[in-house]
2 protein chains.
Amino acid sequence: MKKINTSPISGMQELLPAAAATFEKLKKKISDIYAAHGFLKIETPTIERCEILLAKAGGDTEKQIYKVVKTAESQEEADQALRFDHTVPLARYVVEHENDLTFPFKVSQIGRNFRGERAQRGRFREFYQCDVDVIGRGNLPIAYDADVISTLLDAFASFELNTPVLARINNRKILSGMLEAFELSEKAGEVFDIIDHAEKVSPEITEEALKELGIEEVKIATILKFVEIHGSRDNVVGELRELGIENEMFEEGIAELEKVLGLLEADGRGGEIEADMKIVRGLDYYTGTVFEFNLPEYKQIGSVCGGGRYENLAGHFTDQKLPGAGGSIGLTRLFYVLAENNLVKSQEEKPVDFAIIPITDAEIGFALKVARGLRAEGETVTTVLTDKKLGDKLKYAASVAAKGIVIGETEAQTGEYQVKEFH
Amino acid sequence: MKKINTSPISGMQELLPAAAATFEKLKKKISDIYAAHGFLKIETPTIERCEILLAKAGGDTEKQIYKVVKTAESQEEADQALRFDHTVPLARYVVEHENDLTFPFKVSQIGRNFRGERAQRGRFREFYQCDVDVIGRGNLPIAYDADVISTLLDAFASFELNTPVLARINNRKILSGMLEAFELSEKAGEVFDIIDHAEKVSPEITEEALKELGIEEVKIATILKFVEIHGSRDNVVGELRELGIENEMFEEGIAELEKVLGLLEADGRGGEIEADMKIVRGLDYYTGTVFEFNLPEYKQIGSVCGGGRYENLAGHFTDQKLPGAGGSIGLTRLFYVLAENNLVKSQEEKPVDFAIIPITDAEIGFALKVARGLRAEGETVTTVLTDKKLGDKLKYAASVAAKGIVIGETEAQTGEYQVKEFH
C-alpha cells in the first residue's frame, strides 16, 4: 500500500497517553485555581472573521495568521481565520454580550490558539493559552492587577514544581514618566524595546543602543541605573526616589506599583514576588502594571507567564471604555520546557487504579459488578475482556493498572476477592 | 467609529457565562466517566494534512472541509485542513505511536471538530465530540462493544436528565446475512439506506422504496417484518428466528447481539437498552455492532449518541489490522437540544460560592486572608475590590456569589465575621 506520513504536522504537540495525563492534570489545576478565585470560564469560537482578528493586529501577527477556506470558496473570498490569542475574541465577546455581563467581569479562557510561525524546537503553531482577565466598565481599581497576579501565582503553586517561581512586577508609567521628565517621550518605543532586551545582552550593548538614539550621557547613566533596580517593595521605591526624577506619571507609577506589591504582601506573598524595572512586556498593549513569571534557577527558559493592565480592551469595536487587567499561561510551551528540564512530577502511577480480570467469560458478570462498585467509590477501573490466557491478561492488567483483582469461579460464587498490587 | 459586527460567525456556539458553566459541567462529567471506565485521554492536533483527512473521506465530508492557508501560501499549495471528526486523527495516532501503546488501547478524545455545513438552526460548524474507542491489534473481543455502550450509558446517567435515555442496539451482520440469504447482497447499500430512513417515513414509503429496487414481494414482506423487530433480547432473538432465514452471517450477527445485550444485562442494564433492527448507522464504516441513543419522550431530537464496531481503524495508513469499537457524544448539539427542551439542570446556583466585601481599602488585607482560607476548604471565592459605596459592592456581590462576607474595621480587628446568604 501507498506509504502515508502519519506524523503530526510540524509545530503541533502530540503526546503519548502518560504525558497527555500529566498535561491534562496541569490544565485541570489551572482551571480549578481560576474558578477558586471567582473567574467565570467561557469559550469563544476557534474561527473568527478576519475583520475582528485584524482590527488591531498587524506586522508579524498578520503574517502568522491561518486563514480558513471552505472548499467551494476562493482564497480571496476567505474572510475567516483561526484565533491567534484569547484577547481579541474576548474583546468581541464583551462588546457583543455587554448587557448580559456583570462588571467587573472576571473571566477565564483555556483553549487552543494558532500561529503559523516558523517551526523550531519548543515553538508551537497550535498552543494552549490559559487566560484570566478582569474587565471593568468605565474604570477598574488597581487592586484587580494584584488579584490577577495572585491567581496566577496560585496556579503555579498548584503545579508543585521542584523549582521556585518568581513574579517580576513593574509599572510602565514609571519608565514613561522618567522618559517624559527627560523629554524623551518621542523615543519611548525604542527605549522600551532596548530595556525589554536588556536582560539578554551585556550592559555595554544596552548603553551602546541608547547612545545610538542620541540620548545625553547623563540621562543614559540614569536609565542604566534604573534598569538594574529590582527587589522588594521598600528597596525599589527607595532606589527609584534616589534617581531624583520629578514627574507626575513617574510618581503615579510608583504609587500603583507600591499598591500592587502591598496587596500581594497582604495576601501572604514574600519571596515569590519582586519589583523589577527590566520588565516592559515590549510589544504588548499594556499601560500600567506589567508582570512576567520566571523560574530563577532556569533563566534560559525565559518568561513562563505574563500580563498586565490595559486601559481599553475593545477600542476597535466600541466607544465604551473597557479597562482590564489580565495574564496568561502558555501551557503548551510551559509543559514542553517543564518536561524537558524534568521540573514537573509526571503521572508516574499507572493510568488506571484497578484492572478487574475475569478468568473466563463465565465470570464477566461478577467482574462488571465489582468494577461498578469500585467506580462508585471514585476509583478508575478497567475490565480486562480479552480472550487470552490468564497470564496474558495479568500482563496486560499490570501494564495499565496499579492494582488487579482476579475473578475466578470461587470469587464469583463467594463474592470475595483479593486485591493484588502490581509493581 | 466604524461599526464592526461583533456577533460570532454563524454556526458557532457561543455561550454566556452561566450556560458555559453548565456546558463545562457536562463536559467534565463525560471526561470523568470515561476515565472511570479506564479510557486514557489523548488530544490530537486540530490541523491535519489533507492527505490524512481525505484518505478515506469523500463526498459531503470533502466538500465540508475547512482548509487552512497561511498568508504566504496560495490556496493550491494548502495541504492542511481542520479535522472533521476524531476517528481519522485517531487512526493516524495509533499507527504513528503503535509501538508505544498497549493494546487493547482504551482511548478517549474530547475536543472541537469542524465542518463547513450549510448553517441552520441546531447545526454547528464547530462542535465538541466526546469519543471513546477500544482499539485491538489483530483482534478485539466482542465484549468491548458492550464496554463502550456501558460507558456511554453511564455518561448519560451522570447528566441527571429529567427524561429517560434508550440505547438501541443492533448488529449489521443480521441484516447483511438476511440480504445474503435473499441473494440481495449487491443491493445491500441501497437497502441499508432505506432501513436507515424507515423511522422517518411511513411503512408504505419504505415498501415502495424496496419495490423500486426490484425486490420480490415475499422478500419485501420479510424485510418489512424485520424492520419492526425491537425489544428485549429474548423477544428479539425469538422474532428473528421466526423469520426462517438460514444463513451463517445472520446467525453470527444474532449471536453477537445476544452477547452484547447479555453483557449489558449482567452489568445491571434493564429498560435503558433494547435491540432494534431499524438501527443501521447508514453511511458509517461499521461492520458488526451498531447503536444509537435516543430520548424516547423527545423523538424529534433524534440520535444523541452513536457508534459501533469497525473491523479496521486504519486500513488506509497501515497493513496492520486494527479492529475497534467506539462511540461518540456530539456535545455541542446535545447541549443545544437539551437546553432547548429544558432537559438539563442548569447551573442555577450563583457561579461563585463566596464574595468577600472589604468596606474600605484598609480591610482588603484581612479580606484576602479570609478568601484564602475558604479556597483552601474547596470554595470558590471572589474578593470585591471595586472602589464603590458598600451598597454597590453588595449588589455586585449578590449578582455573582451565593454568599457574602462583609469585612469592616471590627471584623478585621476581631477576626470574626458573619456569612450572609444572598437570595
# chains A, B, ... in the order shown; residues from 1 in each chain; ligands from 1

$ residues_around --residues "Thr102 in chain B" --least-positions-apart "3" --cutoff "10 Å" --atoms "only C-alpha atoms" --output "ChimeraX atom specification"
/A:396,399-400 /B:98-99,105-106,135-137

$ interface_residues --of "chain A" --to "chain B" --cutoff "6 Å" --atoms "only C-alpha atoms" --output "mmCIF file with all heavy atoms, in the first residue's frame"
data_model
loop_
_atom_site.group_PDB
_atom_site.id
_atom_site.type_symbol
_atom_site.label_atom_id
_atom_site.label_comp_id
_atom_site.auth_asym_id
_atom_site.auth_seq_id
_atom_site.Cartn_x
_atom_site.Cartn_y
_atom_site.Cartn_z
ATOM 1 N N ILE A 4 1.798 6.436 3.772
ATOM 2 C CA ILE A 4 1.362 7.788 4.136
ATOM 3 C C ILE A 4 2.122 8.221 5.386
ATOM 4 O O ILE A 4 2.334 7.419 6.292
ATOM 5 C CB ILE A 4 -0.164 7.821 4.389
ATOM 6 C CG1 ILE A 4 -0.912 7.637 3.055
ATOM 7 C CG2 ILE A 4 -0.580 9.127 5.029
ATOM 8 C CD1 ILE A 4 -2.415 7.844 3.174
ATOM 9 N N THR A 6 2.422 9.472 8.799
ATOM 10 C CA THR A 6 1.451 9.567 9.899
ATOM 11 C C THR A 6 1.939 10.429 11.065
ATOM 12 O O THR A 6 1.302 10.457 12.117
ATOM 13 C CB THR A 6 1.086 8.166 10.435
ATOM 14 O OG1 THR A 6 2.288 7.486 10.792
ATOM 15 C CG2 THR A 6 0.313 7.358 9.419
ATOM 16 N N GLU A 14 1.983 16.594 20.111
ATOM 17 C CA GLU A 14 1.142 15.393 20.230
ATOM 18 C C GLU A 14 1.769 14.490 21.280
ATOM 19 O O GLU A 14 2.928 14.094 21.150
ATOM 20 C CB GLU A 14 1.031 14.680 18.884
ATOM 21 C CG GLU A 14 0.198 13.414 18.958
ATOM 22 C CD GLU A 14 -0.265 12.942 17.594
ATOM 23 O OE1 GLU A 14 -1.290 13.460 17.125
ATOM 24 O OE2 GLU A 14 0.396 12.088 16.992
ATOM 25 N N PRO A 17 -0.174 8.775 25.856
ATOM 26 C CA PRO A 17 -1.165 8.838 26.938
ATOM 27 C C PRO A 17 -0.606 9.273 28.293
ATOM 28 O O PRO A 17 -1.238 10.078 28.987
ATOM 29 C CB PRO A 17 -1.718 7.421 26.981
ATOM 30 C CG PRO A 17 -1.603 6.948 25.572
ATOM 31 C CD PRO A 17 -0.316 7.534 25.058
ATOM 32 N N ALA A 20 0.118 12.899 28.151
ATOM 33 C CA ALA A 20 -1.168 13.587 27.994
ATOM 34 C C ALA A 20 -1.884 13.695 29.337
ATOM 35 O O ALA A 20 -2.536 14.699 29.626
ATOM 36 C CB ALA A 20 -2.049 12.856 26.974
ATOM 37 N N ALA A 36 -11.512 28.927 41.564
ATOM 38 C CA ALA A 36 -11.432 29.200 43.008
ATOM 39 C C ALA A 36 -11.315 30.695 43.279
ATOM 40 O O ALA A 36 -11.766 31.187 44.307
ATOM 41 C CB ALA A 36 -10.259 28.450 43.631
ATOM 42 N N HIS A 37 -10.704 31.426 42.344
ATOM 43 C CA HIS A 37 -10.559 32.872 42.509
ATOM 44 C C HIS A 37 -11.736 33.645 41.907
ATOM 45 O O HIS A 37 -11.669 34.858 41.747
ATOM 46 C CB HIS A 37 -9.238 33.345 41.891
ATOM 47 C CG HIS A 37 -8.042 33.073 42.765
ATOM 48 N ND1 HIS A 37 -7.459 34.037 43.543
ATOM 49 C CD2 HIS A 37 -7.349 31.928 43.013
ATOM 50 C CE1 HIS A 37 -6.435 33.513 44.214
ATOM 51 N NE2 HIS A 37 -6.346 32.230 43.911
ATOM 52 N N GLY A 38 -12.786 32.928 41.523
ATOM 53 C CA GLY A 38 -14.010 33.605 41.091
ATOM 54 C C GLY A 38 -14.029 34.031 39.635
ATOM 55 O O GLY A 38 -14.858 34.854 39.247
ATOM 56 N N ILE A 42 -15.335 30.946 30.090
ATOM 57 C CA ILE A 42 -16.088 30.981 28.833
ATOM 58 C C ILE A 42 -15.228 30.369 27.728
ATOM 59 O O ILE A 42 -14.018 30.193 27.884
ATOM 60 C CB ILE A 42 -16.497 32.410 28.410
ATOM 61 C CG1 ILE A 42 -15.255 33.276 28.119
ATOM 62 C CG2 ILE A 42 -17.390 33.069 29.441
ATOM 63 C CD1 ILE A 42 -15.526 34.475 27.237
ATOM 64 N N THR A 44 -14.758 30.919 23.432
ATOM 65 C CA THR A 44 -15.173 31.589 22.199
ATOM 66 C C THR A 44 -14.793 30.679 21.032
ATOM 67 O O THR A 44 -13.967 29.779 21.188
ATOM 68 C CB THR A 44 -14.485 32.959 22.049
ATOM 69 O OG1 THR A 44 -13.074 32.761 21.902
ATOM 70 C CG2 THR A 44 -14.760 33.861 23.246
ATOM 71 N N LYS A 63 1.030 38.125 9.408
ATOM 72 C CA LYS A 63 1.740 37.150 8.561
ATOM 73 C C LYS A 63 1.569 35.723 9.082
ATOM 74 O O LYS A 63 1.651 34.763 8.326
ATOM 75 C CB LYS A 63 3.238 37.495 8.515
ATOM 76 C CG LYS A 63 3.578 38.528 7.441
ATOM 77 C CD LYS A 63 5.075 38.795 7.400
ATOM 78 C CE LYS A 63 5.342 40.288 7.350
ATOM 79 N NZ LYS A 63 6.485 40.713 8.154
ATOM 80 N N TYR A 66 -3.573 31.919 10.342
ATOM 81 C CA TYR A 66 -4.075 30.831 9.488
ATOM 82 C C TYR A 66 -5.462 31.214 8.982
ATOM 83 O O TYR A 66 -6.416 31.261 9.775
ATOM 84 C CB TYR A 66 -4.240 29.547 10.299
ATOM 85 C CG TYR A 66 -2.995 28.735 10.533
ATOM 86 C CD1 TYR A 66 -2.403 28.697 11.791
ATOM 87 C CD2 TYR A 66 -2.432 27.972 9.515
ATOM 88 C CE1 TYR A 66 -1.273 27.922 12.021
ATOM 89 C CE2 TYR A 66 -1.302 27.196 9.747
ATOM 90 C CZ TYR A 66 -0.728 27.175 11.002
ATOM 91 O OH TYR A 66 0.376 26.405 11.244
ATOM 92 N N LYS A 67 -5.590 31.471 7.696
ATOM 93 C CA LYS A 67 -6.930 31.696 7.147
ATOM 94 C C LYS A 67 -7.610 30.354 6.934
ATOM 95 O O LYS A 67 -6.952 29.351 6.649
ATOM 96 C CB LYS A 67 -6.834 32.431 5.818
ATOM 97 C CG LYS A 67 -6.379 33.865 5.990
ATOM 98 C CD LYS A 67 -6.825 34.731 4.830
ATOM 99 C CE LYS A 67 -6.469 36.173 5.143
ATOM 100 N NZ LYS A 67 -6.940 37.094 4.128
ATOM 101 N N VAL A 68 -8.929 30.312 7.057
ATOM 102 C CA VAL A 68 -9.642 29.076 6.746
ATOM 103 C C VAL A 68 -10.500 29.313 5.501
ATOM 104 O O VAL A 68 -11.127 30.348 5.346
ATOM 105 C CB VAL A 68 -10.514 28.556 7.915
ATOM 106 C CG1 VAL A 68 -9.664 28.290 9.138
ATOM 107 C CG2 VAL A 68 -11.620 29.515 8.260
ATOM 108 N N VAL A 69 -10.457 28.325 4.632
ATOM 109 C CA VAL A 69 -11.104 28.438 3.325
ATOM 110 C C VAL A 69 -11.955 27.212 3.106
ATOM 111 O O VAL A 69 -11.451 26.088 3.147
ATOM 112 C CB VAL A 69 -10.040 28.512 2.196
ATOM 113 C CG1 VAL A 69 -10.703 28.816 0.862
ATOM 114 C CG2 VAL A 69 -8.990 29.550 2.514
ATOM 115 N N LYS A 70 -13.250 27.394 2.897
ATOM 116 C CA LYS A 70 -14.087 26.257 2.540
ATOM 117 C C LYS A 70 -13.782 25.868 1.099
ATOM 118 O O LYS A 70 -13.401 26.701 0.285
ATOM 119 C CB LYS A 70 -15.566 26.597 2.735
ATOM 120 C CG LYS A 70 -15.995 26.402 4.183
ATOM 121 C CD LYS A 70 -17.374 26.924 4.448
ATOM 122 C CE LYS A 70 -17.307 28.397 4.812
ATOM 123 N NZ LYS A 70 -18.618 28.982 5.080
ATOM 124 N N THR A 71 -13.935 24.569 0.816
ATOM 125 C CA THR A 71 -13.546 24.049 -0.496
ATOM 126 C C THR A 71 -14.187 24.842 -1.629
ATOM 127 O O THR A 71 -13.561 25.119 -2.661
ATOM 128 C CB THR A 71 -13.960 22.566 -0.617
ATOM 129 O OG1 THR A 71 -13.561 21.907 0.582
ATOM 130 C CG2 THR A 71 -13.294 21.906 -1.788
ATOM 131 N N GLN A 75 -9.569 31.717 -2.188
ATOM 132 C CA GLN A 75 -8.791 32.277 -1.081
ATOM 133 C C GLN A 75 -9.110 33.758 -0.879
ATOM 134 O O GLN A 75 -9.094 34.258 0.231
ATOM 135 C CB GLN A 75 -7.307 32.086 -1.388
ATOM 136 C CG GLN A 75 -6.396 32.385 -0.223
ATOM 137 C CD GLN A 75 -4.990 31.889 -0.476
ATOM 138 O OE1 GLN A 75 -4.745 31.187 -1.449
ATOM 139 N NE2 GLN A 75 -4.059 32.256 0.384
ATOM 140 N N ARG A 92 -14.297 41.068 21.454
ATOM 141 C CA ARG A 92 -15.535 40.929 20.684
ATOM 142 C C ARG A 92 -16.664 40.417 21.569
ATOM 143 O O ARG A 92 -17.785 40.927 21.548
ATOM 144 C CB ARG A 92 -15.318 39.968 19.496
ATOM 145 C CG ARG A 92 -16.558 39.825 18.615
ATOM 146 C CD ARG A 92 -16.466 38.722 17.598
ATOM 147 N NE ARG A 92 -16.223 37.406 18.146
ATOM 148 C CZ ARG A 92 -17.038 36.735 18.964
ATOM 149 N NH1 ARG A 92 -18.190 37.267 19.329
ATOM 150 N NH2 ARG A 92 -16.711 35.558 19.430
ATOM 151 N N GLU A 96 -20.149 42.270 22.370
ATOM 152 C CA GLU A 96 -21.367 41.611 21.887
ATOM 153 C C GLU A 96 -22.357 41.347 23.025
ATOM 154 O O GLU A 96 -23.555 41.491 22.854
ATOM 155 C CB GLU A 96 -20.987 40.289 21.190
ATOM 156 C CG GLU A 96 -22.149 39.454 20.696
ATOM 157 C CD GLU A 96 -22.903 40.049 19.513
ATOM 158 O OE1 GLU A 96 -22.400 41.047 18.940
ATOM 159 O OE2 GLU A 96 -23.983 39.544 19.165
ATOM 160 N N PRO A 141 -10.474 49.310 39.483
ATOM 161 C CA PRO A 141 -9.476 49.622 40.501
ATOM 162 C C PRO A 141 -8.186 48.816 40.309
ATOM 163 O O PRO A 141 -8.225 47.663 39.875
ATOM 164 C CB PRO A 141 -10.160 49.243 41.812
ATOM 165 C CG PRO A 141 -11.609 49.286 41.515
ATOM 166 C CD PRO A 141 -11.752 48.907 40.077
ATOM 167 N N ALA A 266 0.018 41.620 51.533
ATOM 168 C CA ALA A 266 -1.124 41.396 52.425
ATOM 169 C C ALA A 266 -1.729 40.021 52.157
ATOM 170 O O ALA A 266 -2.332 39.406 53.033
ATOM 171 C CB ALA A 266 -2.172 42.479 52.208
ATOM 172 N N ASP A 267 -1.560 39.519 50.939
ATOM 173 C CA ASP A 267 -2.088 38.209 50.573
ATOM 174 C C ASP A 267 -1.071 37.100 50.893
ATOM 175 O O ASP A 267 -1.202 35.971 50.422
ATOM 176 C CB ASP A 267 -2.428 38.226 49.072
ATOM 177 C CG ASP A 267 -3.373 37.096 48.686
ATOM 178 O OD1 ASP A 267 -4.062 36.564 49.577
ATOM 179 O OD2 ASP A 267 -3.409 36.736 47.491
ATOM 180 N N PHE A 317 -13.774 48.107 18.702
ATOM 181 C CA PHE A 317 -15.124 47.591 18.463
ATOM 182 C C PHE A 317 -16.220 48.453 19.084
ATOM 183 O O PHE A 317 -17.386 48.275 18.770
ATOM 184 C CB PHE A 317 -15.273 46.166 19.037
ATOM 185 C CG PHE A 317 -14.240 45.198 18.539
ATOM 186 C CD1 PHE A 317 -13.805 44.157 19.342
ATOM 187 C CD2 PHE A 317 -13.705 45.312 17.256
ATOM 188 C CE1 PHE A 317 -12.865 43.256 18.889
ATOM 189 C CE2 PHE A 317 -12.757 44.406 16.803
ATOM 190 C CZ PHE A 317 -12.328 43.380 17.623
ATOM 191 N N VAL A 352 -4.571 3.832 35.372
ATOM 192 C CA VAL A 352 -5.864 3.371 35.885
ATOM 193 C C VAL A 352 -5.646 2.760 37.274
ATOM 194 O O VAL A 352 -4.613 2.142 37.533
ATOM 195 C CB VAL A 352 -6.477 2.333 34.914
ATOM 196 C CG1 VAL A 352 -7.832 1.849 35.408
ATOM 197 C CG2 VAL A 352 -6.603 2.903 33.507
ATOM 198 N N GLY A 365 -19.762 -11.302 34.322
ATOM 199 C CA GLY A 365 -20.870 -10.639 35.011
ATOM 200 C C GLY A 365 -20.463 -10.139 36.388
ATOM 201 O O GLY A 365 -20.661 -8.961 36.714
ATOM 202 N N LEU A 368 -17.965 -7.275 36.195
ATOM 203 C CA LEU A 368 -18.579 -5.973 35.908
ATOM 204 C C LEU A 368 -19.163 -5.366 37.179
ATOM 205 O O LEU A 368 -19.097 -4.157 37.401
ATOM 206 C CB LEU A 368 -19.673 -6.127 34.850
ATOM 207 C CG LEU A 368 -19.183 -6.535 33.450
ATOM 208 C CD1 LEU A 368 -20.368 -6.828 32.541
ATOM 209 C CD2 LEU A 368 -18.287 -5.457 32.840
ATOM 210 N N THR A 380 -10.870 4.615 39.271
ATOM 211 C CA THR A 380 -10.943 4.350 37.835
ATOM 212 C C THR A 380 -10.633 2.874 37.617
ATOM 213 O O THR A 380 -9.706 2.329 38.223
ATOM 214 C CB THR A 380 -9.969 5.239 37.034
ATOM 215 O OG1 THR A 380 -8.624 4.935 37.406
ATOM 216 C CG2 THR A 380 -10.228 6.722 37.306
ATOM 217 N N VAL A 381 -11.443 2.235 36.792
ATOM 218 C CA VAL A 381 -11.424 0.776 36.703
ATOM 219 C C VAL A 381 -11.560 0.314 35.258
ATOM 220 O O VAL A 381 -12.463 0.753 34.545
ATOM 221 C CB VAL A 381 -12.600 0.158 37.493
ATOM 222 C CG1 VAL A 381 -12.446 -1.356 37.558
ATOM 223 C CG2 VAL A 381 -12.720 0.756 38.876
ATOM 224 N N THR A 382 -10.692 -0.577 34.831
ATOM 225 C CA THR A 382 -10.849 -1.185 33.515
ATOM 226 C C THR A 382 -11.131 -2.668 33.719
ATOM 227 O O THR A 382 -10.617 -3.289 34.662
ATOM 228 C CB THR A 382 -9.585 -0.957 32.651
ATOM 229 O OG1 THR A 382 -9.915 -1.133 31.277
ATOM 230 C CG2 THR A 382 -8.433 -1.887 33.019
ATOM 231 N N THR A 386 -10.192 -9.311 27.179
ATOM 232 C CA THR A 386 -9.524 -10.040 26.100
ATOM 233 C C THR A 386 -9.739 -11.540 26.279
ATOM 234 O O THR A 386 -9.865 -12.040 27.400
ATOM 235 C CB THR A 386 -8.006 -9.757 26.117
ATOM 236 O OG1 THR A 386 -7.520 -10.000 27.438
ATOM 237 C CG2 THR A 386 -7.713 -8.325 25.748
#

$ atom_distance --atom1 "CA of Val237 in chain B" --atom2 "CA of Asp276 in chain B"
10.8 Å

$ residues_around --residues "Leu295 in chain B" --least-positions-apart "6" --cutoff "12 Å" --atoms "only C-alpha atoms" --output "list in words"
Phe156, Leu161, Asn162, Thr163, Pro164, Val165, Leu166, Ala167, Arg168, Glu272, Ile273, Ile301, Gly302, Ser303, Val304, Cys305, Leu334, Val337, Leu338, Asn341 and Leu343 of chain B

$ residues_around --residues "Ile407 in chain A" --least-positions-apart "6" --cutoff "9 Å" --atoms "only C-alpha atoms" --output "ChimeraX atom specification"
/A:356-360,363-364,366-367,417-418

$ residues_around --residues "Asp193 in chain B" --least-positions-apart "3" --cutoff "10 Å" --atoms "only C-alpha atoms" --output "PyMOL selection string"
chain B and resi 188-190+196-198+280-283

$ atom_distance --atom1 "CA of Cys50 in chain B" --atom2 "CA of Ala314 in chain B"
15.6 Å

$ atom_distance --atom1 "CA of Gly415 in chain B" --atom2 "CA of Ala155 in chain A"
27.0 Å

$ decode --residues "range 84-101 of chain A" --atoms "N, CA, C and O atoms" --output "PDB file, in the first residue's frame"
ATOM      1  N   PHE A  84      -5.530  33.822  17.120  1.00  0.00           N
ATOM      2  CA  PHE A  84      -4.118  33.687  17.472  1.00  0.00           C
ATOM      3  C   PHE A  84      -3.870  34.000  18.942  1.00  0.00           C
ATOM      4  O   PHE A  84      -2.780  33.810  19.465  1.00  0.00           O
ATOM      5  N   ASP A  85      -4.896  34.518  19.621  1.00  0.00           N
ATOM      6  CA  ASP A  85      -4.843  34.677  21.080  1.00  0.00           C
ATOM      7  C   ASP A  85      -6.277  34.703  21.603  1.00  0.00           C
ATOM      8  O   ASP A  85      -7.226  34.559  20.818  1.00  0.00           O
ATOM      9  N   HIS A  86      -6.434  34.871  22.943  1.00  0.00           N
ATOM     10  CA  HIS A  86      -7.773  34.941  23.519  1.00  0.00           C
ATOM     11  C   HIS A  86      -8.259  36.385  23.683  1.00  0.00           C
ATOM     12  O   HIS A  86      -9.424  36.600  24.009  1.00  0.00           O
ATOM     13  N   THR A  87      -7.344  37.348  23.533  1.00  0.00           N
ATOM     14  CA  THR A  87      -7.694  38.719  23.895  1.00  0.00           C
ATOM     15  C   THR A  87      -8.636  39.350  22.874  1.00  0.00           C
ATOM     16  O   THR A  87      -9.625  39.991  23.237  1.00  0.00           O
ATOM     17  N   VAL A  88      -8.332  39.162  21.593  1.00  0.00           N
ATOM     18  CA  VAL A  88      -9.186  39.753  20.560  1.00  0.00           C
ATOM     19  C   VAL A  88     -10.593  39.133  20.596  1.00  0.00           C
ATOM     20  O   VAL A  88     -11.590  39.868  20.617  1.00  0.00           O
ATOM     21  N   PRO A  89     -10.715  37.785  20.648  1.00  0.00           N
ATOM     22  CA  PRO A  89     -12.063  37.214  20.776  1.00  0.00           C
ATOM     23  C   PRO A  89     -12.779  37.685  22.052  1.00  0.00           C
ATOM     24  O   PRO A  89     -13.989  37.909  22.035  1.00  0.00           O
ATOM     25  N   LEU A  90     -12.029  37.856  23.152  1.00  0.00           N
ATOM     26  CA  LEU A  90     -12.651  38.340  24.392  1.00  0.00           C
ATOM     27  C   LEU A  90     -13.208  39.747  24.202  1.00  0.00           C
ATOM     28  O   LEU A  90     -14.306  40.059  24.666  1.00  0.00           O
ATOM     29  N   ALA A  91     -12.456  40.591  23.523  1.00  0.00           N
ATOM     30  CA  ALA A  91     -12.932  41.955  23.267  1.00  0.00           C
ATOM     31  C   ALA A  91     -14.252  41.901  22.499  1.00  0.00           C
ATOM     32  O   ALA A  91     -15.218  42.596  22.845  1.00  0.00           O
ATOM     33  N   ARG A  92     -14.297  41.068  21.454  1.00  0.00           N
ATOM     34  CA  ARG A  92     -15.535  40.929  20.684  1.00  0.00           C
ATOM     35  C   ARG A  92     -16.664  40.417  21.569  1.00  0.00           C
ATOM     36  O   ARG A  92     -17.785  40.927  21.548  1.00  0.00           O
ATOM     37  N   TYR A  93     -16.359  39.398  22.381  1.00  0.00           N
ATOM     38  CA  TYR A  93     -17.359  38.775  23.263  1.00  0.00           C
ATOM     39  C   TYR A  93     -17.950  39.804  24.237  1.00  0.00           C
ATOM     40  O   TYR A  93     -19.163  39.875  24.425  1.00  0.00           O
ATOM     41  N   VAL A  94     -17.077  40.587  24.855  1.00  0.00           N
ATOM     42  CA  VAL A  94     -17.544  41.540  25.868  1.00  0.00           C
ATOM     43  C   VAL A  94     -18.414  42.621  25.220  1.00  0.00           C
ATOM     44  O   VAL A  94     -19.443  43.012  25.773  1.00  0.00           O
ATOM     45  N   VAL A  95     -18.031  43.054  24.031  1.00  0.00           N
ATOM     46  CA  VAL A  95     -18.843  44.077  23.349  1.00  0.00           C
ATOM     47  C   VAL A  95     -20.181  43.469  22.932  1.00  0.00           C
ATOM     48  O   VAL A  95     -21.251  44.055  23.144  1.00  0.00           O
ATOM     49  N   GLU A  96     -20.149  42.270  22.370  1.00  0.00           N
ATOM     50  CA  GLU A  96     -21.367  41.611  21.887  1.00  0.00           C
ATOM     51  C   GLU A  96     -22.357  41.347  23.025  1.00  0.00           C
ATOM     52  O   GLU A  96     -23.555  41.491  22.854  1.00  0.00           O
ATOM     53  N   HIS A  97     -21.833  40.931  24.188  1.00  0.00           N
ATOM     54  CA  HIS A  97     -22.713  40.484  25.271  1.00  0.00           C
ATOM     55  C   HIS A  97     -22.738  41.463  26.451  1.00  0.00           C
ATOM     56  O   HIS A  97     -23.169  41.089  27.537  1.00  0.00           O
ATOM     57  N   GLU A  98     -22.271  42.681  26.219  1.00  0.00           N
ATOM     58  CA  GLU A  98     -22.086  43.640  27.302  1.00  0.00           C
ATOM     59  C   GLU A  98     -23.294  43.716  28.249  1.00  0.00           C
ATOM     60  O   GLU A  98     -23.128  43.742  29.467  1.00  0.00           O
ATOM     61  N   ASN A  99     -24.495  43.719  27.676  1.00  0.00           N
ATOM     62  CA  ASN A  99     -25.680  43.911  28.518  1.00  0.00           C
ATOM     63  C   ASN A  99     -26.032  42.682  29.346  1.00  0.00           C
ATOM     64  O   ASN A  99     -26.867  42.758  30.244  1.00  0.00           O
ATOM     65  N   ASP A 100     -25.418  41.560  29.044  1.00  0.00           N
ATOM     66  CA  ASP A 100     -25.700  40.335  29.802  1.00  0.00           C
ATOM     67  C   ASP A 100     -24.592  39.995  30.793  1.00  0.00           C
ATOM     68  O   ASP A 100     -24.633  38.939  31.423  1.00  0.00           O
ATOM     69  N   LEU A 101     -23.595  40.842  30.894  1.00  0.00           N
ATOM     70  CA  LEU A 101     -22.469  40.544  31.784  1.00  0.00           C
ATOM     71  C   LEU A 101     -22.495  41.465  32.992  1.00  0.00           C
ATOM     72  O   LEU A 101     -23.050  42.561  32.947  1.00  0.00           O
TER      73      LEU A 101
END
